>>> print(open('coords-v6.cif').read())   # mmCIF, C-alpha atoms
data_data
loop_
_atom_site.group_PDB
_atom_site.id
_atom_site.type_symbol
_atom_site.label_atom_id
_atom_site.label_comp_id
_atom_site.auth_asym_id
_atom_site.auth_seq_id
_atom_site.Cartn_x
_atom_site.Cartn_y
_atom_site.Cartn_z
ATOM 1 C CA MET A 1 12.071 55.350 -65.080
ATOM 2 C CA SER A 2 13.081 51.681 -64.965
ATOM 3 C CA MET A 3 11.229 49.396 -67.364
ATOM 4 C CA GLN A 4 11.664 46.526 -64.919
ATOM 5 C CA PRO A 5 8.887 46.078 -62.357
ATOM 6 C CA ALA A 6 9.743 46.314 -58.683
ATOM 7 C CA THR A 7 11.374 43.396 -56.947
ATOM 8 C CA ARG A 8 9.006 42.488 -54.116
ATOM 9 C CA LEU A 9 10.729 41.062 -51.061
ATOM 10 C CA CYS A 10 8.913 39.855 -47.949
ATOM 11 C CA MET A 11 10.831 39.587 -44.663
ATOM 12 C CA ALA A 12 9.233 36.681 -42.830
ATOM 13 C CA ASN A 13 9.839 34.253 -39.995
ATOM 14 C CA ILE A 14 7.063 32.636 -37.989
ATOM 15 C CA ALA A 15 9.336 32.815 -34.944
ATOM 16 C CA GLY A 16 9.583 36.220 -33.256
ATOM 17 C CA GLY A 17 12.723 38.153 -32.381
ATOM 18 C CA ALA A 18 14.613 37.492 -35.615
ATOM 19 C CA GLY A 19 15.057 41.191 -36.412
ATOM 20 C CA LYS A 20 12.646 41.515 -39.337
ATOM 21 C CA THR A 21 11.831 45.181 -38.775
ATOM 22 C CA PHE A 22 15.426 46.242 -38.254
ATOM 23 C CA LEU A 23 16.522 44.486 -41.420
ATOM 24 C CA THR A 24 13.580 45.746 -43.488
ATOM 25 C CA LEU A 25 14.149 49.392 -42.573
ATOM 26 C CA SER A 26 17.943 49.202 -42.731
ATOM 27 C CA ILE A 27 18.050 47.391 -46.071
ATOM 28 C CA GLY A 28 15.491 49.860 -47.398
ATOM 29 C CA ALA A 29 17.634 52.782 -46.285
ATOM 30 C CA ALA A 30 20.770 51.226 -47.791
ATOM 31 C CA LEU A 31 19.111 50.564 -51.147
ATOM 32 C CA ALA A 32 17.653 54.071 -51.242
ATOM 33 C CA ARG A 33 21.070 55.584 -50.545
ATOM 34 C CA GLN A 34 22.474 53.587 -53.424
ATOM 35 C CA GLY A 35 19.983 55.374 -55.664
ATOM 36 C CA TYR A 36 17.240 52.761 -55.935
ATOM 37 C CA ARG A 37 13.584 53.708 -55.568
ATOM 38 C CA VAL A 38 12.334 51.936 -52.453
ATOM 39 C CA ALA A 39 8.994 51.426 -50.732
ATOM 40 C CA VAL A 40 8.420 49.698 -47.396
ATOM 41 C CA LEU A 41 5.065 48.148 -46.585
ATOM 42 C CA ASP A 42 4.310 47.563 -42.902
ATOM 43 C CA MET A 43 2.038 44.532 -42.552
ATOM 44 C CA ASP A 44 2.785 43.933 -38.883
ATOM 45 C CA ALA A 45 -0.218 44.476 -36.621
ATOM 46 C CA GLN A 46 2.241 45.753 -34.009
ATOM 47 C CA ALA A 47 3.201 48.477 -36.510
ATOM 48 C CA SER A 48 6.853 48.171 -35.591
ATOM 49 C CA ALA A 49 8.292 49.719 -38.767
ATOM 50 C CA THR A 50 5.790 52.587 -38.617
ATOM 51 C CA LYS A 51 6.625 53.302 -34.986
ATOM 52 C CA TRP A 52 10.369 53.048 -35.560
ATOM 53 C CA VAL A 53 10.260 55.867 -38.126
ATOM 54 C CA GLY A 54 8.230 57.998 -35.707
ATOM 55 C CA LEU A 55 4.846 57.963 -37.396
ATOM 56 C CA HIS A 56 2.931 57.093 -34.214
ATOM 57 C CA ASP A 57 4.426 59.857 -32.066
ATOM 58 C CA ASP A 58 1.940 62.551 -33.067
ATOM 59 C CA ARG A 59 -1.794 61.838 -32.745
ATOM 60 C CA SER A 60 -2.402 63.803 -35.945
ATOM 61 C CA SER A 61 0.166 61.748 -37.878
ATOM 62 C CA PRO A 62 -1.018 60.114 -41.117
ATOM 63 C CA GLY A 63 0.633 56.971 -39.791
ATOM 64 C CA LEU A 64 -2.327 56.580 -37.428
ATOM 65 C CA ASP A 65 -4.961 57.007 -40.153
ATOM 66 C CA PRO A 66 -6.613 53.629 -40.970
ATOM 67 C CA GLU A 67 -7.215 54.883 -44.511
ATOM 68 C CA ARG A 68 -3.459 55.084 -45.152
ATOM 69 C CA THR A 69 -2.668 51.425 -44.478
ATOM 70 C CA ALA A 70 -2.478 48.593 -46.986
ATOM 71 C CA GLY A 71 -5.383 47.033 -45.101
ATOM 72 C CA VAL A 72 -7.875 49.045 -47.155
ATOM 73 C CA VAL A 73 -7.257 46.817 -50.190
ATOM 74 C CA PHE A 74 -8.948 43.900 -48.420
ATOM 75 C CA ARG A 75 -12.264 45.725 -48.174
ATOM 76 C CA VAL A 76 -13.122 45.083 -51.828
ATOM 77 C CA ASP A 77 -14.276 41.793 -53.337
ATOM 78 C CA GLU A 78 -12.377 41.918 -56.616
ATOM 79 C CA PRO A 79 -8.578 42.096 -56.629
ATOM 80 C CA SER A 80 -8.791 44.299 -59.720
ATOM 81 C CA ASP A 81 -10.569 46.921 -57.577
ATOM 82 C CA ALA A 82 -7.862 46.937 -54.904
ATOM 83 C CA ILE A 83 -6.007 50.255 -54.804
ATOM 84 C CA LEU A 84 -3.363 51.290 -52.299
ATOM 85 C CA PRO A 85 -3.524 54.757 -50.713
ATOM 86 C CA ASP A 86 -0.640 57.131 -51.255
ATOM 87 C CA PRO A 87 2.397 56.128 -49.197
ATOM 88 C CA ILE A 88 4.128 58.430 -46.722
ATOM 89 C CA ARG A 89 7.635 59.674 -47.461
ATOM 90 C CA VAL A 90 10.012 58.954 -44.575
ATOM 91 C CA GLN A 91 13.780 59.072 -44.482
ATOM 92 C CA ASP A 92 14.785 58.111 -48.053
ATOM 93 C CA PHE A 93 11.874 55.851 -49.017
ATOM 94 C CA ASP A 94 8.076 55.602 -49.188
ATOM 95 C CA LEU A 95 6.156 53.784 -46.456
ATOM 96 C CA TRP A 96 2.690 52.304 -46.250
ATOM 97 C CA PRO A 97 2.106 52.420 -42.484
ATOM 98 C CA ALA A 98 0.429 50.010 -40.106
ATOM 99 C CA ASN A 99 -1.967 50.834 -37.293
ATOM 100 C CA ASP A 100 -5.183 49.408 -35.879
ATOM 101 C CA GLY A 101 -6.645 49.554 -39.381
ATOM 102 C CA ILE A 102 -4.530 46.533 -40.297
ATOM 103 C CA ILE A 103 -6.129 44.561 -37.459
ATOM 104 C CA ARG A 104 -9.642 45.566 -38.528
ATOM 105 C CA ASP A 105 -9.180 45.102 -42.262
ATOM 106 C CA VAL A 106 -6.884 42.205 -43.065
ATOM 107 C CA ALA A 107 -7.780 39.021 -41.172
ATOM 108 C CA PRO A 108 -11.553 39.674 -40.801
ATOM 109 C CA ASN A 109 -12.024 40.405 -44.509
ATOM 110 C CA ILE A 110 -9.933 37.436 -45.626
ATOM 111 C CA THR A 111 -11.789 35.170 -43.225
ATOM 112 C CA ALA A 112 -15.075 36.394 -44.673
ATOM 113 C CA ASP A 113 -13.880 35.898 -48.264
ATOM 114 C CA SER A 114 -10.695 33.916 -48.870
ATOM 115 C CA PHE A 115 -10.519 35.141 -52.465
ATOM 116 C CA ARG A 116 -9.405 38.500 -51.077
ATOM 117 C CA MET A 117 -6.089 36.932 -50.122
ATOM 118 C CA GLY A 118 -4.595 38.143 -53.409
ATOM 119 C CA ASN A 119 -5.855 41.727 -53.170
ATOM 120 C CA LEU A 120 -2.614 43.197 -51.881
ATOM 121 C CA ARG A 121 -0.599 41.486 -54.578
ATOM 122 C CA GLU A 122 -2.821 42.990 -57.245
ATOM 123 C CA ALA A 123 -2.723 46.433 -55.623
ATOM 124 C CA LEU A 124 1.088 46.353 -55.577
ATOM 125 C CA ARG A 125 1.153 45.315 -59.215
ATOM 126 C CA LYS A 126 -0.415 48.668 -60.042
ATOM 127 C CA ARG A 127 2.476 50.431 -58.288
ATOM 128 C CA GLU A 128 5.340 48.157 -59.284
ATOM 129 C CA MET A 129 6.732 50.468 -61.976
ATOM 130 C CA ASP A 130 7.118 53.250 -59.395
ATOM 131 C CA TYR A 131 9.846 51.397 -57.481
ATOM 132 C CA ASP A 132 12.876 49.195 -57.863
ATOM 133 C CA PHE A 133 12.345 47.427 -54.543
ATOM 134 C CA ILE A 134 9.266 46.935 -52.379
ATOM 135 C CA LEU A 135 10.093 45.506 -48.937
ATOM 136 C CA ILE A 136 7.304 43.993 -46.860
ATOM 137 C CA ASP A 137 7.657 43.732 -43.083
ATOM 138 C CA THR A 138 5.524 41.056 -41.435
ATOM 139 C CA GLN A 139 4.465 39.922 -38.005
ATOM 140 C CA PRO A 140 5.464 36.594 -36.459
ATOM 141 C CA GLY A 141 2.907 33.868 -35.948
ATOM 142 C CA ARG A 142 0.434 32.336 -38.365
ATOM 143 C CA SER A 143 -2.540 34.709 -38.526
ATOM 144 C CA ALA A 144 -4.147 35.547 -41.888
ATOM 145 C CA ASP A 145 -2.062 38.730 -42.017
ATOM 146 C CA LEU A 146 1.134 36.761 -42.689
ATOM 147 C CA PRO A 147 0.046 34.786 -45.786
ATOM 148 C CA ALA A 148 -1.616 37.919 -47.187
ATOM 149 C CA ALA A 149 1.718 39.721 -46.914
ATOM 150 C CA VAL A 150 3.756 36.784 -48.210
ATOM 151 C CA VAL A 151 1.679 36.277 -51.372
ATOM 152 C CA ALA A 152 2.020 39.974 -52.185
ATOM 153 C CA ALA A 153 5.734 39.315 -52.763
ATOM 154 C CA ASP A 154 7.669 37.136 -55.181
ATOM 155 C CA HIS A 155 10.597 36.381 -52.905
ATOM 156 C CA VAL A 156 10.702 35.556 -49.208
ATOM 157 C CA LEU A 157 13.740 36.462 -47.098
ATOM 158 C CA VAL A 158 14.089 34.701 -43.757
ATOM 159 C CA PRO A 159 16.160 36.332 -40.999
ATOM 160 C CA VAL A 160 17.577 33.826 -38.554
ATOM 161 C CA CYS A 161 19.273 34.779 -35.298
ATOM 162 C CA ASP A 162 19.337 31.440 -33.480
ATOM 163 C CA VAL A 163 18.517 27.809 -34.002
ATOM 164 C CA LYS A 164 14.948 28.543 -32.908
ATOM 165 C CA GLY A 165 14.511 30.586 -36.067
ATOM 166 C CA LEU A 166 14.788 27.396 -38.121
ATOM 167 C CA GLU A 167 12.310 25.379 -36.075
ATOM 168 C CA ASN A 168 9.289 26.780 -37.902
ATOM 169 C CA LEU A 169 10.887 26.667 -41.331
ATOM 170 C CA GLN A 170 8.688 23.836 -42.575
ATOM 171 C CA LYS A 171 5.568 25.784 -41.581
ATOM 172 C CA LEU A 172 6.810 28.762 -43.574
ATOM 173 C CA VAL A 173 7.623 26.536 -46.564
ATOM 174 C CA THR A 174 4.099 25.109 -46.388
ATOM 175 C CA LEU A 175 2.668 28.632 -46.276
ATOM 176 C CA ILE A 176 4.716 29.600 -49.337
ATOM 177 C CA LYS A 177 3.574 26.528 -51.283
ATOM 178 C CA GLY A 178 -0.040 27.370 -50.500
ATOM 179 C CA GLY A 179 0.549 30.966 -51.533
ATOM 180 C CA ARG A 180 1.452 29.945 -55.079
ATOM 181 C CA ALA A 181 -2.246 29.814 -55.888
ATOM 182 C CA TYR A 182 -2.002 33.618 -55.856
ATOM 183 C CA ALA A 183 1.707 34.097 -56.627
ATOM 184 C CA PRO A 184 2.859 31.260 -58.901
ATOM 185 C CA ASN A 185 6.538 32.253 -58.768
ATOM 186 C CA LEU A 186 6.683 32.755 -55.005
ATOM 187 C CA GLN A 187 9.910 31.348 -53.574
ATOM 188 C CA LEU A 188 11.893 31.236 -50.359
ATOM 189 C CA ARG A 189 15.029 32.839 -51.762
ATOM 190 C CA MET A 190 17.350 33.913 -48.971
ATOM 191 C CA PHE A 191 18.356 33.259 -45.375
ATOM 192 C CA ILE A 192 19.877 36.202 -43.503
ATOM 193 C CA PRO A 193 22.013 35.299 -40.468
ATOM 194 C CA ASN A 194 21.218 38.146 -38.092
ATOM 195 C CA LYS A 195 22.621 39.217 -34.706
ATOM 196 C CA TYR A 196 25.709 37.190 -35.544
ATOM 197 C CA GLN A 197 28.567 36.955 -33.041
ATOM 198 C CA ALA A 198 31.610 35.337 -34.601
ATOM 199 C CA HIS A 199 33.248 34.686 -31.224
ATOM 200 C CA ARG A 200 30.267 32.706 -29.901
ATOM 201 C CA ARG A 201 30.040 28.994 -30.571
ATOM 202 C CA MET A 202 26.216 29.231 -30.786
ATOM 203 C CA SER A 203 26.401 31.736 -33.649
ATOM 204 C CA ARG A 204 28.960 29.641 -35.491
ATOM 205 C CA ARG A 205 26.772 26.580 -34.989
ATOM 206 C CA GLU A 206 23.765 28.449 -36.355
ATOM 207 C CA LEU A 207 25.731 29.396 -39.475
ATOM 208 C CA GLU A 208 26.792 25.779 -39.929
ATOM 209 C CA LEU A 209 23.175 24.651 -39.683
ATOM 210 C CA LEU A 210 22.088 27.285 -42.188
ATOM 211 C CA GLN A 211 24.650 26.058 -44.685
ATOM 212 C CA GLY A 212 22.758 22.782 -44.667
ATOM 213 C CA TYR A 213 19.834 24.677 -46.200
ATOM 214 C CA GLU A 214 21.788 26.068 -49.158
ATOM 215 C CA SER A 215 19.794 23.810 -51.471
ATOM 216 C CA VAL A 216 16.648 25.625 -50.306
ATOM 217 C CA ALA A 217 17.838 29.245 -50.535
ATOM 218 C CA VAL A 218 21.026 31.288 -50.722
ATOM 219 C CA ILE A 219 22.741 32.321 -47.498
ATOM 220 C CA ALA A 220 23.327 36.068 -47.239
ATOM 221 C CA PRO A 221 26.385 37.603 -45.578
ATOM 222 C CA PRO A 222 25.797 37.673 -41.794
ATOM 223 C CA VAL A 223 24.766 40.836 -39.990
ATOM 224 C CA ARG A 224 26.555 41.073 -36.670
ATOM 225 C CA LEU A 225 24.946 41.868 -33.340
ATOM 226 C CA GLY A 226 24.808 45.576 -32.550
ATOM 227 C CA ASP A 227 22.897 48.068 -30.443
ATOM 228 C CA LEU A 228 21.727 50.273 -33.328
ATOM 229 C CA ALA A 229 18.310 48.620 -33.487
ATOM 230 C CA ARG A 230 17.394 50.264 -30.194
ATOM 231 C CA SER A 231 18.842 53.561 -31.405
ATOM 232 C CA ILE A 232 16.838 53.713 -34.622
ATOM 233 C CA GLN A 233 13.724 52.698 -32.698
ATOM 234 C CA GLU A 234 14.179 55.509 -30.182
ATOM 235 C CA ASP A 235 15.698 58.204 -32.430
ATOM 236 C CA HIS A 236 13.615 57.490 -35.555
ATOM 237 C CA ARG A 237 16.707 57.746 -37.732
ATOM 238 C CA SER A 238 18.405 55.233 -39.993
ATOM 239 C CA ILE A 239 21.605 53.492 -38.986
ATOM 240 C CA PHE A 240 23.393 55.579 -41.609
ATOM 241 C CA ASP A 241 22.409 58.775 -39.841
ATOM 242 C CA ILE A 242 23.275 57.422 -36.399
ATOM 243 C CA ASP A 243 26.594 55.663 -37.026
ATOM 244 C CA PRO A 244 27.650 55.161 -40.660
ATOM 245 C CA LYS A 245 30.989 53.660 -39.622
ATOM 246 C CA ALA A 246 29.631 51.011 -37.240
ATOM 247 C CA GLY A 247 30.368 47.397 -38.059
ATOM 248 C CA ILE A 248 26.687 46.543 -38.273
ATOM 249 C CA THR A 249 26.151 49.427 -40.707
ATOM 250 C CA GLN A 250 28.909 48.062 -42.923
ATOM 251 C CA ASP A 251 27.205 44.656 -42.767
ATOM 252 C CA ILE A 252 23.911 46.176 -43.941
ATOM 253 C CA VAL A 253 25.701 47.848 -46.867
ATOM 254 C CA GLU A 254 27.204 44.497 -47.871
ATOM 255 C CA LEU A 255 23.827 42.815 -47.476
ATOM 256 C CA ALA A 256 22.119 45.428 -49.665
ATOM 257 C CA HIS A 257 24.729 44.878 -52.385
ATOM 258 C CA PHE A 258 24.174 41.133 -52.095
ATOM 259 C CA ILE A 259 20.416 41.625 -52.526
ATOM 260 C CA VAL A 260 20.934 43.747 -55.639
ATOM 261 C CA LYS A 261 23.342 41.166 -57.070
ATOM 262 C CA THR A 262 20.856 38.374 -56.342
ATOM 263 C CA PHE A 263 17.661 39.988 -57.598
ATOM 264 C CA ARG A 264 18.592 42.791 -60.013
ATOM 265 C CA PRO A 265 22.154 42.103 -61.169
ATOM 266 C CA LEU A 266 21.899 43.996 -64.458
ATOM 267 C CA GLN A 267 20.196 47.147 -63.218
ATOM 268 C CA GLN A 268 21.936 50.310 -62.174
ATOM 269 C CA PRO A 269 20.160 52.747 -59.819
ATOM 270 C CA VAL A 270 17.730 54.922 -61.784
ATOM 271 C CA GLY A 271 17.047 57.491 -59.094
ATOM 272 C CA ALA A 272 19.378 60.181 -57.877
ATOM 273 C CA ALA A 273 23.088 59.569 -58.115
ATOM 274 C CA SER A 274 24.201 56.790 -55.800
ATOM 275 C CA GLN A 275 25.378 58.030 -52.414
ATOM 276 C CA GLU A 276 28.173 56.786 -50.248
ATOM 277 C CA VAL A 277 26.251 54.921 -47.575
ATOM 278 C CA ALA A 278 29.080 54.381 -45.192
ATOM 279 C CA GLY A 279 32.262 56.223 -44.436
#
>>> encode(input="coords-v6.cif", output="structure tokens")
Amino acid sequence: MSMQPATRLCMANIAGGAGKTFLTLSIGAALARQGYRVAVLDMDAQASATKWVGLHDDRSSPGLDPERTAGVVFRVDEPSDAILPDPIRVQDFDLWPANDGIIRDVAPNITADSFRMGNLREALRKREMDYDFILIDTQPGRSADLPAAVVAADHVLVPVCDVKGLENLQKLVTLIKGGRAYAPNLQLRMFIPNKYQAHRRMSRRELELLQGYESVAVIAPPVRLGDLARSIQEDHRSIFDIDPKAGITQDIVELAHFIVKTFRPLQQPVGAASQEVAG
């Protein structure tokens, strides 16, 4: 087992449509196939990640059980009492699902007692030696669910797929600064150009604008536009199972390597032997 605690990464953008769920699940799959121990935490009230892996298809699925979500940690007053339920194994990683329990548990309990904002962070601390990476998927907008998810991480990754994705950047920066009361080392660490189309002037312009933010956070290799997001949503399989040779799959592999180099440069995978993730 690794002696280094898990790297906690939160995928966040107040603007919708940036591809947070696709990137969270695909990066998670890529890291797992490289041999890293990965958990995904769905903190989106729409439960996109949970649905995409098929855990809402069967009414008896544990993905629909409110007691299996991370929302349960906000029911207790003391962060030290916050304990996550067992995650669900899907594909090559563990998943804490989302369902209506998130809606009932997160915002109402934080509104009633703001000190509960840090409960999820503390609950993850108790599990951080079980994983190399914990990826947190979030919902757009500015409800209490978003800051609760952000402060559970140490690093925020911002997917950007058009200029609109940068319009709310200052609001996200303000949220992160406020979150340091619970997570002192919390930082916006990476921009991910997503749905990139090299032949389109708009995409090239977006990349140029992002480069102006290099003093704020590193710019990851771009992930090109592809139709695999719809496929993994409908087929409940990872991009590596659907089309390992696709250009977008190769981009995700490169992005996963970039994330490892950025956050855990000295660690080798400690799980099973690293797999070839793309042909």
>>> resolve_selection(input="coords-v6.cif", expression="the PyMOL selection byres ((chain A and resi 2-12) around 7)", output="PDB file with C-alpha atoms, keeping the file's coordinate frame")
ATOM      1  CA  MET A   1      12.071  55.350 -65.080  1.00  0.00           C
ATOM      2  CA  ASN A  13       9.839  34.253 -39.995  1.00  0.00           C
ATOM      3  CA  ILE A  14       7.063  32.636 -37.989  1.00  0.00           C
ATOM      4  CA  LYS A  20      12.646  41.515 -39.337  1.00  0.00           C
ATOM      5  CA  THR A  24      13.580  45.746 -43.488  1.00  0.00           C
ATOM      6  CA  GLU A 128       5.340  48.157 -59.284  1.00  0.00           C
ATOM      7  CA  MET A 129       6.732  50.468 -61.976  1.00  0.00           C
ATOM      8  CA  TYR A 131       9.846  51.397 -57.481  1.00  0.00           C
ATOM      9  CA  ASP A 132      12.876  49.195 -57.863  1.00  0.00           C
ATOM     10  CA  PHE A 133      12.345  47.427 -54.543  1.00  0.00           C
ATOM     11  CA  ILE A 134       9.266  46.935 -52.379  1.00  0.00           C
ATOM     12  CA  LEU A 135      10.093  45.506 -48.937  1.00  0.00           C
ATOM     13  CA  ILE A 136       7.304  43.993 -46.860  1.00  0.00           C
ATOM     14  CA  ASP A 137       7.657  43.732 -43.083  1.00  0.00           C
ATOM     15  CA  THR A 138       5.524  41.056 -41.435  1.00  0.00           C
ATOM     16  CA  VAL A 150       3.756  36.784 -48.210  1.00  0.00           C
ATOM     17  CA  ALA A 153       5.734  39.315 -52.763  1.00  0.00           C
ATOM     18  CA  ASP A 154       7.669  37.136 -55.181  1.00  0.00           C
ATOM     19  CA  HIS A 155      10.597  36.381 -52.905  1.00  0.00           C
ATOM     20  CA  VAL A 156      10.702  35.556 -49.208  1.00  0.00           C
ATOM     21  CA  LEU A 157      13.740  36.462 -47.098  1.00  0.00           C
ATOM     22  CA  VAL A 158      14.089  34.701 -43.757  1.00  0.00           C
ATOM     23  CA  VAL A 270      17.730  54.922 -61.784  1.00  0.00           C
TER      24      VAL A 270
END
>>> resolve_selection(input="coords-v6.cif", expression="the PyMOL selection byres ((chain A and resi 251) around 12)", output="PyMOL selection string")
chain A and resi 23+26-27+30+192-196+220-226+239-240+244-250+252-258+277-278
>>> resolve_selection(input="coords-v6.cif", expression="the PyMOL selection byres ((chain A and resi 146) around 10)", output="PDB file with C-alpha atoms, in the frame of the given file")
ATOM      1  CA  CYS A  10       8.913  39.855 -47.949  1.00  0.00           C
ATOM      2  CA  ALA A  12       9.233  36.681 -42.830  1.00  0.00           C
ATOM      3  CA  ASN A  13       9.839  34.253 -39.995  1.00  0.00           C
ATOM      4  CA  ILE A  14       7.063  32.636 -37.989  1.00  0.00           C
ATOM      5  CA  MET A  43       2.038  44.532 -42.552  1.00  0.00           C
ATOM      6  CA  ASP A  44       2.785  43.933 -38.883  1.00  0.00           C
ATOM      7  CA  ALA A  45      -0.218  44.476 -36.621  1.00  0.00           C
ATOM      8  CA  VAL A 106      -6.884  42.205 -43.065  1.00  0.00           C
ATOM      9  CA  ALA A 107      -7.780  39.021 -41.172  1.00  0.00           C
ATOM     10  CA  ASP A 137       7.657  43.732 -43.083  1.00  0.00           C
ATOM     11  CA  THR A 138       5.524  41.056 -41.435  1.00  0.00           C
ATOM     12  CA  GLN A 139       4.465  39.922 -38.005  1.00  0.00           C
ATOM     13  CA  PRO A 140       5.464  36.594 -36.459  1.00  0.00           C
ATOM     14  CA  GLY A 141       2.907  33.868 -35.948  1.00  0.00           C
ATOM     15  CA  ARG A 142       0.434  32.336 -38.365  1.00  0.00           C
ATOM     16  CA  SER A 143      -2.540  34.709 -38.526  1.00  0.00           C
ATOM     17  CA  ALA A 144      -4.147  35.547 -41.888  1.00  0.00           C
ATOM     18  CA  ASP A 145      -2.062  38.730 -42.017  1.00  0.00           C
ATOM     19  CA  PRO A 147       0.046  34.786 -45.786  1.00  0.00           C
ATOM     20  CA  ALA A 148      -1.616  37.919 -47.187  1.00  0.00           C
ATOM     21  CA  ALA A 149       1.718  39.721 -46.914  1.00  0.00           C
ATOM     22  CA  VAL A 150       3.756  36.784 -48.210  1.00  0.00           C
ATOM     23  CA  VAL A 151       1.679  36.277 -51.372  1.00  0.00           C
ATOM     24  CA  LEU A 172       6.810  28.762 -43.574  1.00  0.00           C
ATOM     25  CA  LEU A 175       2.668  28.632 -46.276  1.00  0.00           C
TER      26      LEU A 175
END
>>> closest_residue(input="coords-v6.cif", among="A:Val173, A:Leu55, A:Val260, A:Leu188", to="Tyr36 in chain A", atoms="all atoms listed in the file")
A:Val260
>>> residues_around(input="coords-v6.cif", residues="Leu25 in chain A", least_positions_apart="5", cutoff="8 Å", atoms="all atoms listed in the file", output="ChimeraX atom specification")
/A:40,49,238
>>> atom_distance(input="coords-v6.cif", atom1="CA of Pro62 in chain A", atom2="CA of Glu234 in chain A")
19.3 Å
>>> closest_residue(input="coords-v6.cif", among="A:Leu209, A:Ala217, A:Leu84, A:Val53", to="Gln187 in chain A", atoms="only C-alpha atoms")
A:Ala217
>>> residues_around(input="coords-v6.cif", residues="range 97-100 of chain A", least_positions_apart="6", cutoff="6 Å", atoms="only C-alpha atoms", output="number ranges by chain")
A: 42, 47, 50, 63-64, 69
>>> atom_distance(input="coords-v6.cif", atom1="CA of Ala229 in chain A", atom2="CA of Asp92 in chain A")
17.7 Å
>>> atom_distance(input="coords-v6.cif", atom1="CA of Asp65 in chain A", atom2="CA of Leu124 in chain A")
19.7 Å
>>> residues_around(input="coords-v6.cif", residues="Pro87 in chain A", least_positions_apart="4", cutoff="6 Å", atoms="all atoms listed in the file", output="list of chain:residue names")
A:Asp94, A:Leu95, A:Trp96
>>> axis_aligned_box(input="coords-v6.cif", around="range 207-223 of chain A", padding_each_side="5 Å", output="AutoDock Vina command-line options")
--center_x 21.7 --center_y 31.8 --center_z -45.5 --size_x 20.1 --size_y 28.1 --size_z 22.0
>>> closest_residue(input="coords-v6.cif", among="A:Lys261, A:Lys177, A:Ala183, A:Asp162", to="Leu207 in chain A", atoms="only C-alpha atoms")
A:Asp162
>>> residues_near_point(input="coords-v6.cif", point="(22.6, 26.2, -44.4)", cutoff="12 Å", atoms="all atoms listed in the file", output="list in words")
Val160, Val163, Leu166, Met190, Phe191, Ile192, Pro193, Arg204, Arg205, Glu206, Leu207, Glu208, Leu209, Leu210, Gln211, Gly212, Tyr213, Glu214, Ser215, Val216, Ala217, Val218, Ile219 and Ala220 of chain A
>>> closest_residue(input="coords-v6.cif", among="A:Lys51, A:His56, A:Arg89, A:His236", to="Arg37 in chain A", atoms="all atoms listed in the file")
A:Arg89
>>> closest_residue(input="coords-v6.cif", among="A:Phe93, A:Gln197, A:Phe115, A:Thr21", to="Gln46 in chain A", atoms="all atoms listed in the file")
A:Thr21
>>> decode(input="coords-v6.cif", residues="range 217-230 of chain A", atoms="C-alpha atoms", output="PDB file, in the first residue's frame")
ATOM      1  CA  ALA A 217      -2.943  27.358 -13.007  1.00  0.00           C
ATOM      2  CA  VAL A 218      -1.233  25.007 -15.440  1.00  0.00           C
ATOM      3  CA  ILE A 219      -2.868  24.326 -18.797  1.00  0.00           C
ATOM      4  CA  ALA A 220      -3.397  20.626 -19.489  1.00  0.00           C
ATOM      5  CA  PRO A 221      -3.099  19.075 -22.949  1.00  0.00           C
ATOM      6  CA  PRO A 222      -6.391  19.653 -24.819  1.00  0.00           C
ATOM      7  CA  VAL A 223      -8.990  16.926 -25.179  1.00  0.00           C
ATOM      8  CA  ARG A 224     -10.509  17.035 -28.638  1.00  0.00           C
ATOM      9  CA  LEU A 225     -14.205  16.930 -29.437  1.00  0.00           C
ATOM     10  CA  GLY A 226     -15.577  13.421 -29.886  1.00  0.00           C
ATOM     11  CA  ASP A 227     -18.823  11.487 -29.727  1.00  0.00           C
ATOM     12  CA  LEU A 228     -17.711   8.985 -27.070  1.00  0.00           C
ATOM     13  CA  ALA A 229     -19.365  10.921 -24.250  1.00  0.00           C
ATOM     14  CA  ARG A 230     -22.766   9.907 -25.588  1.00  0.00           C
TER      15      ARG A 230
END
